[in-house]
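Asker: Take a look at this one; I'll ask things after.
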Amino acid sequence: MASTVPDAKYALIGGSGTWGMRFPEDLGRDDVELVEVFDEGFETSYGRSIGFKLLRVAGEHVLRTAMHGVRYGDGGFPVEPPWVASHQVASVFRDAGVKWALVEGSVGGIQSPDDPGRPLPPWSVTITDDFMMLWSPSPCGPPLGRRDKVARYKEPFCAGLRRALFARSLREPQFAAVYDPGVYVCAPAGRFESAVEIQAFAHLGAHTVGQTLGHEAPLMRQLGIHFASLNIVSNHAEGADEGWSGEDAGGMGDFYATCAPIVGNVMVDALKHVISEGPGACNCDSYFLDRLDAFPVPGA
Ligand SMILES: [Zn+2]
């Protein structure tokens, strides 16, 4: 029996920054109430979503899902590609009436936003201000968004939400450095990047590399959802002179177990600030073209 999507104006998309914990239970915060767990997910036009949790923060409903909505099979591999999961999550957000959403994820550090060519080490954080994705995933329909109101992608991340993430991140002593702006390149899913791919991304101006944000950001903009992303560097990107930190799997596991509550608390605090104080000014609503549904003219 499919559940009805509850109303929520706010949402959190969990990523690998918090995949090392139960969210929000392991945060142990008394200002985050777990209202309801939707283990079975919700029916969408893109298949059934994974589970969602409905939280209450600062008096408002907040929908939350883990790992970008990606479903993992018995062998630990994703069942569906990330762009399908992103469509499922976006579809649930649309049905819930979400207006503001935050996401986090760990990334490879390509280069410092302040000093191109200088490494961006683990525990650095970027509040991503732009992204690139130079490839196209398999199409999945129906399109989200409206033909009479077509999205543009100048300033794809909400200035107000970015300010909240940036301000809270600056107060986090475990973060090695915090940057805004920062450019995220979304690489194809399913494998790590080659060293020469990372070199190419660096030349193109990318600071971090991941495999999810390029699928989420366009859908959020198409739906008119204000959206911002915190990205924590878990490792140098491939080919860096510094090599990988934690060459063994256990080293990376330690990183994710340590960073999960830190990132989790930053996300909650930033969202709580947005709900309590308001997100402040942004330009998100101005990046749409009207009336493209008038074309092509019949008979053209
Ligand atoms: Zn905005």
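Each chain in the structure tokens gets a letter, A, B, ..., in the order shown, and its residues are numbered from 1; ligands are numbered from 1 in order too.
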Could you build a table of the residues in segment 111-230 of chain A lying no more than 10 Å from segment 5-19 of chain A, giving for each the nearest pair of atoms and their separation in Å rounded to one decimal place, using only C-alpha atoms, ordered by chain and ascending residue number, as a tab-separated table?

Answerer:
residue	atom	partner	partner_atom	distance
A:Thr212	CA	A:Gly15	CA	8.9
A:Leu213	CA	A:Gly15	CA	9.9
A:Glu216	CA	A:Ile13	CA	9.7
A:Ile225	CA	A:Tyr10	CA	9.5
A:His226	CA	A:Tyr10	CA	9.6
A:Phe227	CA	A:Ala11	CA	9.5
A:Ser229	CA	A:Ile13	CA	9.3
A:Leu230	CA	A:Gly17	CA	8.9

Asker: The selected residues should be written to file as a compact mmCIF listing (two decimals), in the first residue's frame (atoms: all heavy atoms).

Answerer:
# COMPACT_ATOMS: atom_id res chain seq x y z
N THR A 212 26.82 12.86 -8.05
CA THR A 212 25.39 12.97 -7.79
C THR A 212 24.80 14.37 -8.02
O THR A 212 23.69 14.49 -8.53
CB THR A 212 25.08 12.57 -6.33
OG1 THR A 212 25.98 13.27 -5.46
CG2 THR A 212 25.25 11.08 -6.12
N LEU A 213 25.53 15.40 -7.65
CA LEU A 213 24.92 16.73 -7.59
C LEU A 213 24.43 17.23 -8.96
O LEU A 213 23.44 17.96 -9.03
CB LEU A 213 25.94 17.73 -7.01
CG LEU A 213 25.43 19.14 -6.69
CD1 LEU A 213 24.26 19.10 -5.72
CD2 LEU A 213 26.57 19.99 -6.12
N GLU A 216 20.87 16.23 -9.37
CA GLU A 216 19.88 16.82 -8.47
C GLU A 216 19.62 18.29 -8.77
O GLU A 216 18.46 18.74 -8.77
CB GLU A 216 20.38 16.68 -7.01
CG GLU A 216 20.46 15.23 -6.56
CD GLU A 216 21.37 15.04 -5.35
OE1 GLU A 216 22.33 15.84 -5.17
OE2 GLU A 216 21.13 14.10 -4.58
N ILE A 225 12.58 24.79 -6.61
CA ILE A 225 13.01 24.54 -5.22
C ILE A 225 14.38 25.20 -5.01
O ILE A 225 15.32 24.93 -5.75
CB ILE A 225 13.10 23.03 -4.94
CG1 ILE A 225 11.72 22.38 -5.06
CG2 ILE A 225 13.70 22.78 -3.56
CD1 ILE A 225 11.70 20.87 -4.96
N HIS A 226 14.46 26.06 -4.02
CA HIS A 226 15.74 26.67 -3.64
C HIS A 226 16.63 25.56 -3.09
O HIS A 226 16.19 24.78 -2.24
CB HIS A 226 15.54 27.76 -2.57
CG HIS A 226 14.59 28.83 -2.99
ND1 HIS A 226 15.00 30.09 -3.38
CD2 HIS A 226 13.24 28.83 -3.10
CE1 HIS A 226 13.94 30.82 -3.69
NE2 HIS A 226 12.86 30.08 -3.54
N PHE A 227 17.90 25.54 -3.52
CA PHE A 227 18.71 24.35 -3.28
C PHE A 227 20.15 24.75 -3.04
O PHE A 227 20.67 25.68 -3.70
CB PHE A 227 18.60 23.47 -4.53
CG PHE A 227 19.23 22.12 -4.44
CD1 PHE A 227 18.90 21.24 -3.43
CD2 PHE A 227 20.15 21.70 -5.40
CE1 PHE A 227 19.46 19.97 -3.36
CE2 PHE A 227 20.72 20.45 -5.34
CZ PHE A 227 20.38 19.57 -4.32
N SER A 229 24.21 23.03 -1.61
CA SER A 229 24.96 21.80 -1.37
C SER A 229 26.22 22.06 -0.56
O SER A 229 26.99 22.97 -0.89
CB SER A 229 25.35 21.17 -2.72
OG SER A 229 26.12 20.01 -2.54
N LEU A 230 26.42 21.26 0.47
CA LEU A 230 27.69 21.24 1.20
C LEU A 230 28.45 20.02 0.74
O LEU A 230 27.92 18.90 0.77
CB LEU A 230 27.43 21.17 2.71
CG LEU A 230 28.67 21.11 3.62
CD1 LEU A 230 28.33 21.73 4.99
CD2 LEU A 230 29.21 19.69 3.82

Asker: Please identify all protein, DNA and RNA residues within 10 Å of ligand 1, counting only C-alpha atoms and all ligand atoms, and report them as a PyMOL selection string.

Answerer: chain A and resi 99-101+155-162+221+224-228+279-286

Asker: Write out, as a PDB file, in the first residue's frame, the residues just selected, with N, CA and C atoms.

Answerer:
ATOM      1  N   LYS A  99       9.954  23.690  -0.761  1.00  0.00           N
ATOM      2  CA  LYS A  99      10.423  24.947  -1.356  1.00  0.00           C
ATOM      3  C   LYS A  99      11.911  25.176  -1.123  1.00  0.00           C
ATOM      4  N   TRP A 100      12.443  24.594  -0.047  1.00  0.00           N
ATOM      5  CA  TRP A 100      13.854  24.779   0.286  1.00  0.00           C
ATOM      6  C   TRP A 100      14.464  23.426   0.597  1.00  0.00           C
ATOM      7  N   ALA A 101      15.609  23.115  -0.012  1.00  0.00           N
ATOM      8  CA  ALA A 101      16.244  21.814   0.198  1.00  0.00           C
ATOM      9  C   ALA A 101      17.758  21.963   0.270  1.00  0.00           C
ATOM     10  N   GLU A 155      23.687  30.786 -11.616  1.00  0.00           N
ATOM     11  CA  GLU A 155      23.517  30.742 -10.153  1.00  0.00           C
ATOM     12  C   GLU A 155      22.581  29.581  -9.761  1.00  0.00           C
ATOM     13  N   PRO A 156      22.987  28.349 -10.043  1.00  0.00           N
ATOM     14  CA  PRO A 156      22.084  27.214  -9.829  1.00  0.00           C
ATOM     15  C   PRO A 156      21.814  26.895  -8.362  1.00  0.00           C
ATOM     16  N   PHE A 157      22.647  27.451  -7.465  1.00  0.00           N
ATOM     17  CA  PHE A 157      22.439  27.183  -6.041  1.00  0.00           C
ATOM     18  C   PHE A 157      22.012  28.471  -5.342  1.00  0.00           C
ATOM     19  N   CYS A 158      21.079  28.317  -4.414  1.00  0.00           N
ATOM     20  CA  CYS A 158      20.402  29.448  -3.775  1.00  0.00           C
ATOM     21  C   CYS A 158      21.368  30.259  -2.903  1.00  0.00           C
ATOM     22  N   ALA A 159      21.439  31.549  -3.162  1.00  0.00           N
ATOM     23  CA  ALA A 159      22.357  32.406  -2.406  1.00  0.00           C
ATOM     24  C   ALA A 159      22.015  32.421  -0.921  1.00  0.00           C
ATOM     25  N   GLY A 160      20.723  32.426  -0.599  1.00  0.00           N
ATOM     26  CA  GLY A 160      20.314  32.458   0.805  1.00  0.00           C
ATOM     27  C   GLY A 160      20.698  31.178   1.541  1.00  0.00           C
ATOM     28  N   LEU A 161      20.423  30.033   0.925  1.00  0.00           N
ATOM     29  CA  LEU A 161      20.770  28.759   1.560  1.00  0.00           C
ATOM     30  C   LEU A 161      22.284  28.590   1.641  1.00  0.00           C
ATOM     31  N   ARG A 162      22.996  29.065   0.618  1.00  0.00           N
ATOM     32  CA  ARG A 162      24.471  28.982   0.651  1.00  0.00           C
ATOM     33  C   ARG A 162      25.020  29.792   1.815  1.00  0.00           C
ATOM     34  N   ARG A 221      15.956  23.053  -9.611  1.00  0.00           N
ATOM     35  CA  ARG A 221      15.678  24.336 -10.264  1.00  0.00           C
ATOM     36  C   ARG A 221      14.411  24.237 -11.108  1.00  0.00           C
ATOM     37  N   GLY A 224      11.519  24.739  -9.133  1.00  0.00           N
ATOM     38  CA  GLY A 224      11.456  25.994  -8.389  1.00  0.00           C
ATOM     39  C   GLY A 224      11.835  25.840  -6.928  1.00  0.00           C
ATOM     40  N   ILE A 225      12.582  24.791  -6.613  1.00  0.00           N
ATOM     41  CA  ILE A 225      13.015  24.541  -5.224  1.00  0.00           C
ATOM     42  C   ILE A 225      14.376  25.204  -5.008  1.00  0.00           C
ATOM     43  N   HIS A 226      14.462  26.065  -4.017  1.00  0.00           N
ATOM     44  CA  HIS A 226      15.739  26.672  -3.642  1.00  0.00           C
ATOM     45  C   HIS A 226      16.631  25.562  -3.094  1.00  0.00           C
ATOM     46  N   PHE A 227      17.897  25.545  -3.519  1.00  0.00           N
ATOM     47  CA  PHE A 227      18.705  24.350  -3.283  1.00  0.00           C
ATOM     48  C   PHE A 227      20.149  24.748  -3.040  1.00  0.00           C
ATOM     49  N   ALA A 228      20.793  24.104  -2.096  1.00  0.00           N
ATOM     50  CA  ALA A 228      22.220  24.359  -1.879  1.00  0.00           C
ATOM     51  C   ALA A 228      22.892  23.086  -1.386  1.00  0.00           C
ATOM     52  N   PRO A 279      15.520  32.454   4.835  1.00  0.00           N
ATOM     53  CA  PRO A 279      16.701  32.197   4.013  1.00  0.00           C
ATOM     54  C   PRO A 279      17.383  33.476   3.522  1.00  0.00           C
ATOM     55  N   GLY A 280      16.715  34.607   3.621  1.00  0.00           N
ATOM     56  CA  GLY A 280      17.318  35.836   3.106  1.00  0.00           C
ATOM     57  C   GLY A 280      17.174  35.944   1.597  1.00  0.00           C
ATOM     58  N   ALA A 281      17.746  37.004   1.053  1.00  0.00           N
ATOM     59  CA  ALA A 281      17.546  37.307  -0.371  1.00  0.00           C
ATOM     60  C   ALA A 281      18.262  36.306  -1.271  1.00  0.00           C
ATOM     61  N   CYS A 282      17.644  36.012  -2.402  1.00  0.00           N
ATOM     62  CA  CYS A 282      18.282  35.196  -3.434  1.00  0.00           C
ATOM     63  C   CYS A 282      17.644  35.547  -4.766  1.00  0.00           C
ATOM     64  N   ASN A 283      18.231  35.004  -5.830  1.00  0.00           N
ATOM     65  CA  ASN A 283      17.755  35.314  -7.181  1.00  0.00           C
ATOM     66  C   ASN A 283      17.105  34.119  -7.875  1.00  0.00           C
ATOM     67  N   CYS A 284      16.892  33.038  -7.121  1.00  0.00           N
ATOM     68  CA  CYS A 284      16.453  31.791  -7.759  1.00  0.00           C
ATOM     69  C   CYS A 284      15.230  31.975  -8.660  1.00  0.00           C
ATOM     70  N   ASP A 285      14.264  32.762  -8.185  1.00  0.00           N
ATOM     71  CA  ASP A 285      13.014  32.872  -8.928  1.00  0.00           C
ATOM     72  C   ASP A 285      13.161  33.617 -10.252  1.00  0.00           C
ATOM     73  N   SER A 286      14.310  34.267 -10.456  1.00  0.00           N
ATOM     74  CA  SER A 286      14.469  35.059 -11.680  1.00  0.00           C
ATOM     75  C   SER A 286      15.039  34.246 -12.841  1.00  0.00           C
TER      76      SER A 286
END

Asker: Looking at A:Asn231, A:Ser91, A:Thr4, A:Ser245, which one is nearest to Ser124 of chain A, with distances taken over only C-alpha atoms?

Answerer: A:Asn231

Asker: Which of segment 21-234 of chain A counts as helix (DSSP H, G or I) under DSSP, as an mmCIF file with N, CA, C and O atoms, in the first residue's frame please?

Answerer:
data_model
loop_
_atom_site.group_PDB
_atom_site.id
_atom_site.type_symbol
_atom_site.label_atom_id
_atom_site.label_comp_id
_atom_site.auth_asym_id
_atom_site.auth_seq_id
_atom_site.Cartn_x
_atom_site.Cartn_y
_atom_site.Cartn_z
ATOM 1 N N GLU A 25 18.676 9.874 14.288
ATOM 2 C CA GLU A 25 18.702 9.216 15.598
ATOM 3 C C GLU A 25 20.066 9.347 16.276
ATOM 4 O O GLU A 25 20.159 9.642 17.474
ATOM 5 N N ASP A 26 21.149 9.106 15.526
ATOM 6 C CA ASP A 26 22.473 9.080 16.150
ATOM 7 C C ASP A 26 23.006 10.476 16.500
ATOM 8 O O ASP A 26 24.040 10.589 17.159
ATOM 9 N N LEU A 27 22.317 11.514 16.045
ATOM 10 C CA LEU A 27 22.737 12.856 16.450
ATOM 11 C C LEU A 27 22.349 13.129 17.906
ATOM 12 O O LEU A 27 22.977 13.954 18.578
ATOM 13 N N MET A 67 21.435 9.024 1.211
ATOM 14 C CA MET A 67 22.258 8.684 0.038
ATOM 15 C C MET A 67 21.606 9.047 -1.295
ATOM 16 O O MET A 67 21.504 8.235 -2.209
ATOM 17 N N HIS A 68 21.135 10.277 -1.352
ATOM 18 C CA HIS A 68 20.605 10.839 -2.602
ATOM 19 C C HIS A 68 19.421 10.036 -3.149
ATOM 20 O O HIS A 68 19.107 10.114 -4.330
ATOM 21 N N GLY A 69 18.812 9.241 -2.267
ATOM 22 C CA GLY A 69 17.662 8.451 -2.715
ATOM 23 C C GLY A 69 18.040 7.164 -3.426
ATOM 24 O O GLY A 69 17.174 6.478 -3.963
ATOM 25 N N PRO A 82 21.995 6.943 -10.394
ATOM 26 C CA PRO A 82 21.679 8.104 -9.560
ATOM 27 C C PRO A 82 20.684 9.055 -10.200
ATOM 28 O O PRO A 82 19.936 9.728 -9.485
ATOM 29 N N TRP A 83 20.644 9.133 -11.525
ATOM 30 C CA TRP A 83 19.703 10.080 -12.132
ATOM 31 C C TRP A 83 18.258 9.605 -11.971
ATOM 32 O O TRP A 83 17.355 10.428 -11.878
ATOM 33 N N VAL A 84 18.046 8.294 -11.899
ATOM 34 C CA VAL A 84 16.696 7.792 -11.628
ATOM 35 C C VAL A 84 16.322 8.083 -10.175
ATOM 36 O O VAL A 84 15.220 8.558 -9.867
ATOM 37 N N ALA A 85 17.263 7.818 -9.245
ATOM 38 C CA ALA A 85 17.005 8.116 -7.834
ATOM 39 C C ALA A 85 16.711 9.607 -7.648
ATOM 40 O O ALA A 85 15.817 9.983 -6.886
ATOM 41 N N SER A 86 17.448 10.451 -8.350
ATOM 42 C CA SER A 86 17.224 11.900 -8.217
ATOM 43 C C SER A 86 15.838 12.292 -8.706
ATOM 44 O O SER A 86 15.196 13.168 -8.126
ATOM 45 N N HIS A 87 15.377 11.650 -9.782
ATOM 46 C CA HIS A 87 14.008 11.917 -10.255
ATOM 47 C C HIS A 87 12.972 11.472 -9.222
ATOM 48 O O HIS A 87 11.955 12.140 -9.019
ATOM 49 N N GLN A 88 13.225 10.329 -8.581
ATOM 50 C CA GLN A 88 12.281 9.862 -7.549
ATOM 51 C C GLN A 88 12.229 10.854 -6.389
ATOM 52 O O GLN A 88 11.143 11.222 -5.925
ATOM 53 N N VAL A 89 13.401 11.300 -5.932
ATOM 54 C CA VAL A 89 13.452 12.244 -4.814
ATOM 55 C C VAL A 89 12.778 13.559 -5.193
ATOM 56 O O VAL A 89 11.958 14.105 -4.437
ATOM 57 N N ALA A 90 13.101 14.070 -6.378
ATOM 58 C CA ALA A 90 12.515 15.347 -6.810
ATOM 59 C C ALA A 90 11.003 15.227 -6.924
ATOM 60 O O ALA A 90 10.259 16.153 -6.584
ATOM 61 N N SER A 91 10.546 14.084 -7.412
ATOM 62 C CA SER A 91 9.111 13.865 -7.559
ATOM 63 C C SER A 91 8.416 13.885 -6.194
ATOM 64 O O SER A 91 7.328 14.480 -6.031
ATOM 65 N N VAL A 92 9.035 13.257 -5.204
ATOM 66 C CA VAL A 92 8.472 13.268 -3.840
ATOM 67 C C VAL A 92 8.461 14.695 -3.300
ATOM 68 O O VAL A 92 7.475 15.144 -2.693
ATOM 69 N N PHE A 93 9.545 15.431 -3.528
ATOM 70 C CA PHE A 93 9.611 16.818 -3.059
ATOM 71 C C PHE A 93 8.499 17.657 -3.694
ATOM 72 O O PHE A 93 7.870 18.480 -3.039
ATOM 73 N N ARG A 94 8.281 17.470 -4.975
ATOM 74 C CA ARG A 94 7.206 18.208 -5.661
ATOM 75 C C ARG A 94 5.862 17.908 -5.005
ATOM 76 O O ARG A 94 5.073 18.814 -4.710
ATOM 77 N N ASP A 95 5.624 16.621 -4.760
ATOM 78 C CA ASP A 95 4.332 16.235 -4.176
ATOM 79 C C ASP A 95 4.174 16.748 -2.752
ATOM 80 O O ASP A 95 3.053 16.992 -2.287
ATOM 81 N N ALA A 96 5.304 16.895 -2.040
ATOM 82 C CA ALA A 96 5.253 17.391 -0.658
ATOM 83 C C ALA A 96 5.111 18.905 -0.595
ATOM 84 O O ALA A 96 4.767 19.456 0.446
ATOM 85 N N ALA A 159 21.439 31.549 -3.162
ATOM 86 C CA ALA A 159 22.357 32.406 -2.406
ATOM 87 C C ALA A 159 22.015 32.421 -0.921
ATOM 88 O O ALA A 159 22.905 32.432 -0.060
ATOM 89 N N GLY A 160 20.723 32.426 -0.599
ATOM 90 C CA GLY A 160 20.314 32.458 0.805
ATOM 91 C C GLY A 160 20.698 31.178 1.541
ATOM 92 O O GLY A 160 21.240 31.218 2.648
ATOM 93 N N LEU A 161 20.423 30.033 0.925
ATOM 94 C CA LEU A 161 20.770 28.759 1.560
ATOM 95 C C LEU A 161 22.284 28.590 1.641
ATOM 96 O O LEU A 161 22.816 28.036 2.616
ATOM 97 N N ARG A 162 22.996 29.065 0.618
ATOM 98 C CA ARG A 162 24.471 28.982 0.651
ATOM 99 C C ARG A 162 25.020 29.792 1.815
ATOM 100 O O ARG A 162 25.961 29.354 2.496
ATOM 101 N N ARG A 163 24.454 30.961 2.049
ATOM 102 C CA ARG A 163 24.933 31.782 3.175
ATOM 103 C C ARG A 163 24.769 31.041 4.500
ATOM 104 O O ARG A 163 25.655 31.071 5.357
ATOM 105 N N ALA A 164 23.652 30.375 4.657
ATOM 106 C CA ALA A 164 23.411 29.647 5.912
ATOM 107 C C ALA A 164 24.406 28.496 6.074
ATOM 108 O O ALA A 164 24.954 28.281 7.162
ATOM 109 N N LEU A 165 24.651 27.751 5.009
ATOM 110 C CA LEU A 165 25.616 26.649 5.089
ATOM 111 C C LEU A 165 27.031 27.168 5.335
ATOM 112 O O LEU A 165 27.798 26.589 6.107
ATOM 113 N N PHE A 166 27.365 28.257 4.670
ATOM 114 C CA PHE A 166 28.717 28.816 4.794
ATOM 115 C C PHE A 166 28.957 29.313 6.220
ATOM 116 O O PHE A 166 29.991 29.019 6.833
ATOM 117 N N ALA A 167 27.995 30.058 6.752
ATOM 118 C CA ALA A 167 28.174 30.639 8.091
ATOM 119 C C ALA A 167 28.336 29.541 9.137
ATOM 120 O O ALA A 167 29.208 29.618 10.006
ATOM 121 N N ARG A 168 27.522 28.501 9.042
ATOM 122 C CA ARG A 168 27.623 27.416 10.035
ATOM 123 C C ARG A 168 28.908 26.616 9.834
ATOM 124 O O ARG A 168 29.554 26.205 10.812
ATOM 125 N N SER A 169 29.293 26.393 8.589
ATOM 126 C CA SER A 169 30.508 25.611 8.317
ATOM 127 C C SER A 169 31.756 26.315 8.835
ATOM 128 O O SER A 169 32.695 25.663 9.304
ATOM 129 N N LEU A 170 31.775 27.636 8.754
ATOM 130 C CA LEU A 170 32.933 28.384 9.239
ATOM 131 C C LEU A 170 33.147 28.172 10.737
ATOM 132 O O LEU A 170 34.265 28.314 11.237
ATOM 133 N N ALA A 195 43.274 9.580 -13.649
ATOM 134 C CA ALA A 195 44.099 10.756 -13.371
ATOM 135 C C ALA A 195 43.996 11.787 -14.502
ATOM 136 O O ALA A 195 43.962 12.998 -14.254
ATOM 137 N N VAL A 196 43.923 11.326 -15.714
ATOM 138 C CA VAL A 196 43.878 12.276 -16.829
ATOM 139 C C VAL A 196 42.511 12.952 -16.907
ATOM 140 O O VAL A 196 42.395 14.109 -17.321
ATOM 141 N N GLU A 197 41.469 12.254 -16.502
ATOM 142 C CA GLU A 197 40.153 12.910 -16.418
ATOM 143 C C GLU A 197 40.190 14.036 -15.383
ATOM 144 O O GLU A 197 39.664 15.135 -15.621
ATOM 145 N N ILE A 198 40.819 13.766 -14.247
ATOM 146 C CA ILE A 198 40.913 14.801 -13.212
ATOM 147 C C ILE A 198 41.731 15.989 -13.719
ATOM 148 O O ILE A 198 41.374 17.153 -13.461
ATOM 149 N N GLN A 199 42.800 15.721 -14.450
ATOM 150 C CA GLN A 199 43.584 16.819 -15.043
ATOM 151 C C GLN A 199 42.705 17.677 -15.946
ATOM 152 O O GLN A 199 42.775 18.906 -15.930
ATOM 153 N N ALA A 200 41.890 17.020 -16.740
ATOM 154 C CA ALA A 200 41.001 17.755 -17.654
ATOM 155 C C ALA A 200 39.989 18.588 -16.863
ATOM 156 O O ALA A 200 39.747 19.760 -17.187
ATOM 157 N N PHE A 201 39.416 18.001 -15.827
ATOM 158 C CA PHE A 201 38.450 18.737 -15.000
ATOM 159 C C PHE A 201 39.115 19.954 -14.354
ATOM 160 O O PHE A 201 38.510 21.026 -14.239
ATOM 161 N N ALA A 202 40.352 19.781 -13.915
ATOM 162 C CA ALA A 202 41.073 20.901 -13.294
ATOM 163 C C ALA A 202 41.256 22.039 -14.298
ATOM 164 O O ALA A 202 41.039 23.214 -13.973
ATOM 165 N N HIS A 203 41.629 21.691 -15.521
ATOM 166 C CA HIS A 203 41.807 22.726 -16.553
ATOM 167 C C HIS A 203 40.498 23.447 -16.848
ATOM 168 O O HIS A 203 40.491 24.626 -17.193
ATOM 169 N N LEU A 204 39.394 22.743 -16.700
ATOM 170 C CA LEU A 204 38.085 23.340 -16.984
ATOM 171 C C LEU A 204 37.569 24.188 -15.821
ATOM 172 O O LEU A 204 36.539 24.834 -15.936
ATOM 173 N N LEU A 213 25.525 15.400 -7.648
ATOM 174 C CA LEU A 213 24.925 16.733 -7.592
ATOM 175 C C LEU A 213 24.429 17.227 -8.956
ATOM 176 O O LEU A 213 23.442 17.956 -9.034
ATOM 177 N N GLY A 214 25.102 16.808 -10.016
ATOM 178 C CA GLY A 214 24.695 17.229 -11.358
ATOM 179 C C GLY A 214 23.341 16.666 -11.770
ATOM 180 O O GLY A 214 22.714 17.174 -12.706
ATOM 181 N N HIS A 215 22.902 15.615 -11.090
ATOM 182 C CA HIS A 215 21.571 15.071 -11.373
ATOM 183 C C HIS A 215 20.495 15.789 -10.565
ATOM 184 O O HIS A 215 19.360 15.922 -11.015
ATOM 185 N N GLU A 216 20.874 16.229 -9.370
ATOM 186 C CA GLU A 216 19.880 16.822 -8.466
ATOM 187 C C GLU A 216 19.618 18.288 -8.766
ATOM 188 O O GLU A 216 18.456 18.738 -8.773
ATOM 189 N N ALA A 217 20.687 19.044 -8.979
ATOM 190 C CA ALA A 217 20.539 20.497 -9.102
ATOM 191 C C ALA A 217 19.571 20.905 -10.219
ATOM 192 O O ALA A 217 18.720 21.783 -10.007
ATOM 193 N N PRO A 218 19.663 20.317 -11.420
ATOM 194 C CA PRO A 218 18.714 20.739 -12.471
ATOM 195 C C PRO A 218 17.261 20.445 -12.119
ATOM 196 O O PRO A 218 16.371 21.241 -12.431
ATOM 197 N N LEU A 219 17.022 19.316 -11.467
ATOM 198 C CA LEU A 219 15.635 18.966 -11.129
ATOM 199 C C LEU A 219 15.079 19.933 -10.090
ATOM 200 O O LEU A 219 13.914 20.344 -10.163
ATOM 201 N N MET A 220 15.911 20.295 -9.105
ATOM 202 C CA MET A 220 15.436 21.228 -8.080
ATOM 203 C C MET A 220 15.096 22.575 -8.719
ATOM 204 O O MET A 220 14.073 23.192 -8.406
ATOM 205 N N ARG A 221 15.956 23.053 -9.611
ATOM 206 C CA ARG A 221 15.678 24.336 -10.264
ATOM 207 C C ARG A 221 14.411 24.237 -11.108
ATOM 208 O O ARG A 221 13.576 25.143 -11.114
ATOM 209 N N GLN A 222 14.256 23.130 -11.857
ATOM 210 C CA GLN A 222 13.061 22.979 -12.699
ATOM 211 C C GLN A 222 11.781 23.017 -11.877
ATOM 212 O O GLN A 222 10.734 23.466 -12.354
#

Asker: With a distance cut-off of 7 Å and only C-alpha atoms, select the neighbouring residues of segment 47-59 of chain A, excluding the residue or stretch itself and same-chain residues fewer than 5 positions from it, and output the selection as JSON, numbers by chain.

Answerer: {"A": [31, 32, 33, 34, 35, 36, 37, 38, 39, 40, 41, 42, 64, 65, 69, 71, 88, 89, 272, 275, 276]}

Asker: For segment 119-122 of chain A, work out the shell of residues within 8 Å, counting only C-alpha atoms and skipping chain neighbours fewer than 5 positions away, then give it as a PyMOL selection string.

Answerer: chain A and resi 109-112+176+207+232-236+240+245

Asker: I need the chosen residues saved as a PDB file, in the first residue's frame, with N, CA and C atoms.

Answerer:
ATOM      1  N   GLY A 109      38.862  16.068  -3.834  1.00  0.00           N
ATOM      2  CA  GLY A 109      39.378  17.428  -3.908  1.00  0.00           C
ATOM      3  C   GLY A 109      40.315  17.583  -5.101  1.00  0.00           C
ATOM      4  N   ILE A 110      39.943  18.428  -6.049  1.00  0.00           N
ATOM      5  CA  ILE A 110      40.769  18.623  -7.249  1.00  0.00           C
ATOM      6  C   ILE A 110      41.769  19.749  -7.034  1.00  0.00           C
ATOM      7  N   GLN A 111      41.259  20.926  -6.645  1.00  0.00           N
ATOM      8  CA  GLN A 111      42.142  22.078  -6.448  1.00  0.00           C
ATOM      9  C   GLN A 111      41.416  23.121  -5.595  1.00  0.00           C
ATOM     10  N   SER A 112      42.215  23.989  -4.983  1.00  0.00           N
ATOM     11  CA  SER A 112      41.659  24.995  -4.095  1.00  0.00           C
ATOM     12  C   SER A 112      40.909  26.065  -4.878  1.00  0.00           C
ATOM     13  N   ALA A 176      38.858  21.655   7.592  1.00  0.00           N
ATOM     14  CA  ALA A 176      40.202  22.199   7.351  1.00  0.00           C
ATOM     15  C   ALA A 176      40.123  23.609   6.777  1.00  0.00           C
ATOM     16  N   HIS A 207      36.681  22.358  -8.942  1.00  0.00           N
ATOM     17  CA  HIS A 207      37.405  22.262  -7.665  1.00  0.00           C
ATOM     18  C   HIS A 207      37.168  20.930  -6.962  1.00  0.00           C
ATOM     19  N   ILE A 232      31.990  17.884   1.302  1.00  0.00           N
ATOM     20  CA  ILE A 232      33.184  17.692   2.123  1.00  0.00           C
ATOM     21  C   ILE A 232      34.170  16.789   1.379  1.00  0.00           C
ATOM     22  N   VAL A 233      35.409  17.218   1.330  1.00  0.00           N
ATOM     23  CA  VAL A 233      36.435  16.451   0.620  1.00  0.00           C
ATOM     24  C   VAL A 233      36.828  15.245   1.471  1.00  0.00           C
ATOM     25  N   SER A 234      36.624  14.050   0.916  1.00  0.00           N
ATOM     26  CA  SER A 234      37.000  12.826   1.633  1.00  0.00           C
ATOM     27  C   SER A 234      38.377  12.353   1.200  1.00  0.00           C
ATOM     28  N   ASN A 235      38.839  12.827   0.049  1.00  0.00           N
ATOM     29  CA  ASN A 235      40.128  12.393  -0.452  1.00  0.00           C
ATOM     30  C   ASN A 235      40.584  13.317  -1.566  1.00  0.00           C
ATOM     31  N   HIS A 236      41.898  13.319  -1.808  1.00  0.00           N
ATOM     32  CA  HIS A 236      42.376  13.988  -3.003  1.00  0.00           C
ATOM     33  C   HIS A 236      41.828  13.258  -4.228  1.00  0.00           C
ATOM     34  N   ALA A 240      46.664  13.025  -7.685  1.00  0.00           N
ATOM     35  CA  ALA A 240      47.318  14.066  -6.894  1.00  0.00           C
ATOM     36  C   ALA A 240      48.642  13.554  -6.340  1.00  0.00           C
ATOM     37  N   SER A 245      44.501   9.456   0.931  1.00  0.00           N
ATOM     38  CA  SER A 245      44.639   9.242   2.368  1.00  0.00           C
ATOM     39  C   SER A 245      43.877   7.980   2.711  1.00  0.00           C
TER      40      SER A 245
END

Asker: Would you mind reading off the distance between atom CA of Ala187 of chain A and atom CA of Gln211 of chain A, one decimal, in Å?

Answerer: 5.1 Å

Asker: Which residue out of A:Pro296, A:Gly205, A:Gly264, A:Pro188 has the minimum interatomic distance to Gly105 of chain A when only C-alpha atoms are used?

Answerer: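 Using only C-alpha atoms, the shortest distance to Gly105 of chain A belongs to A:Gly264.
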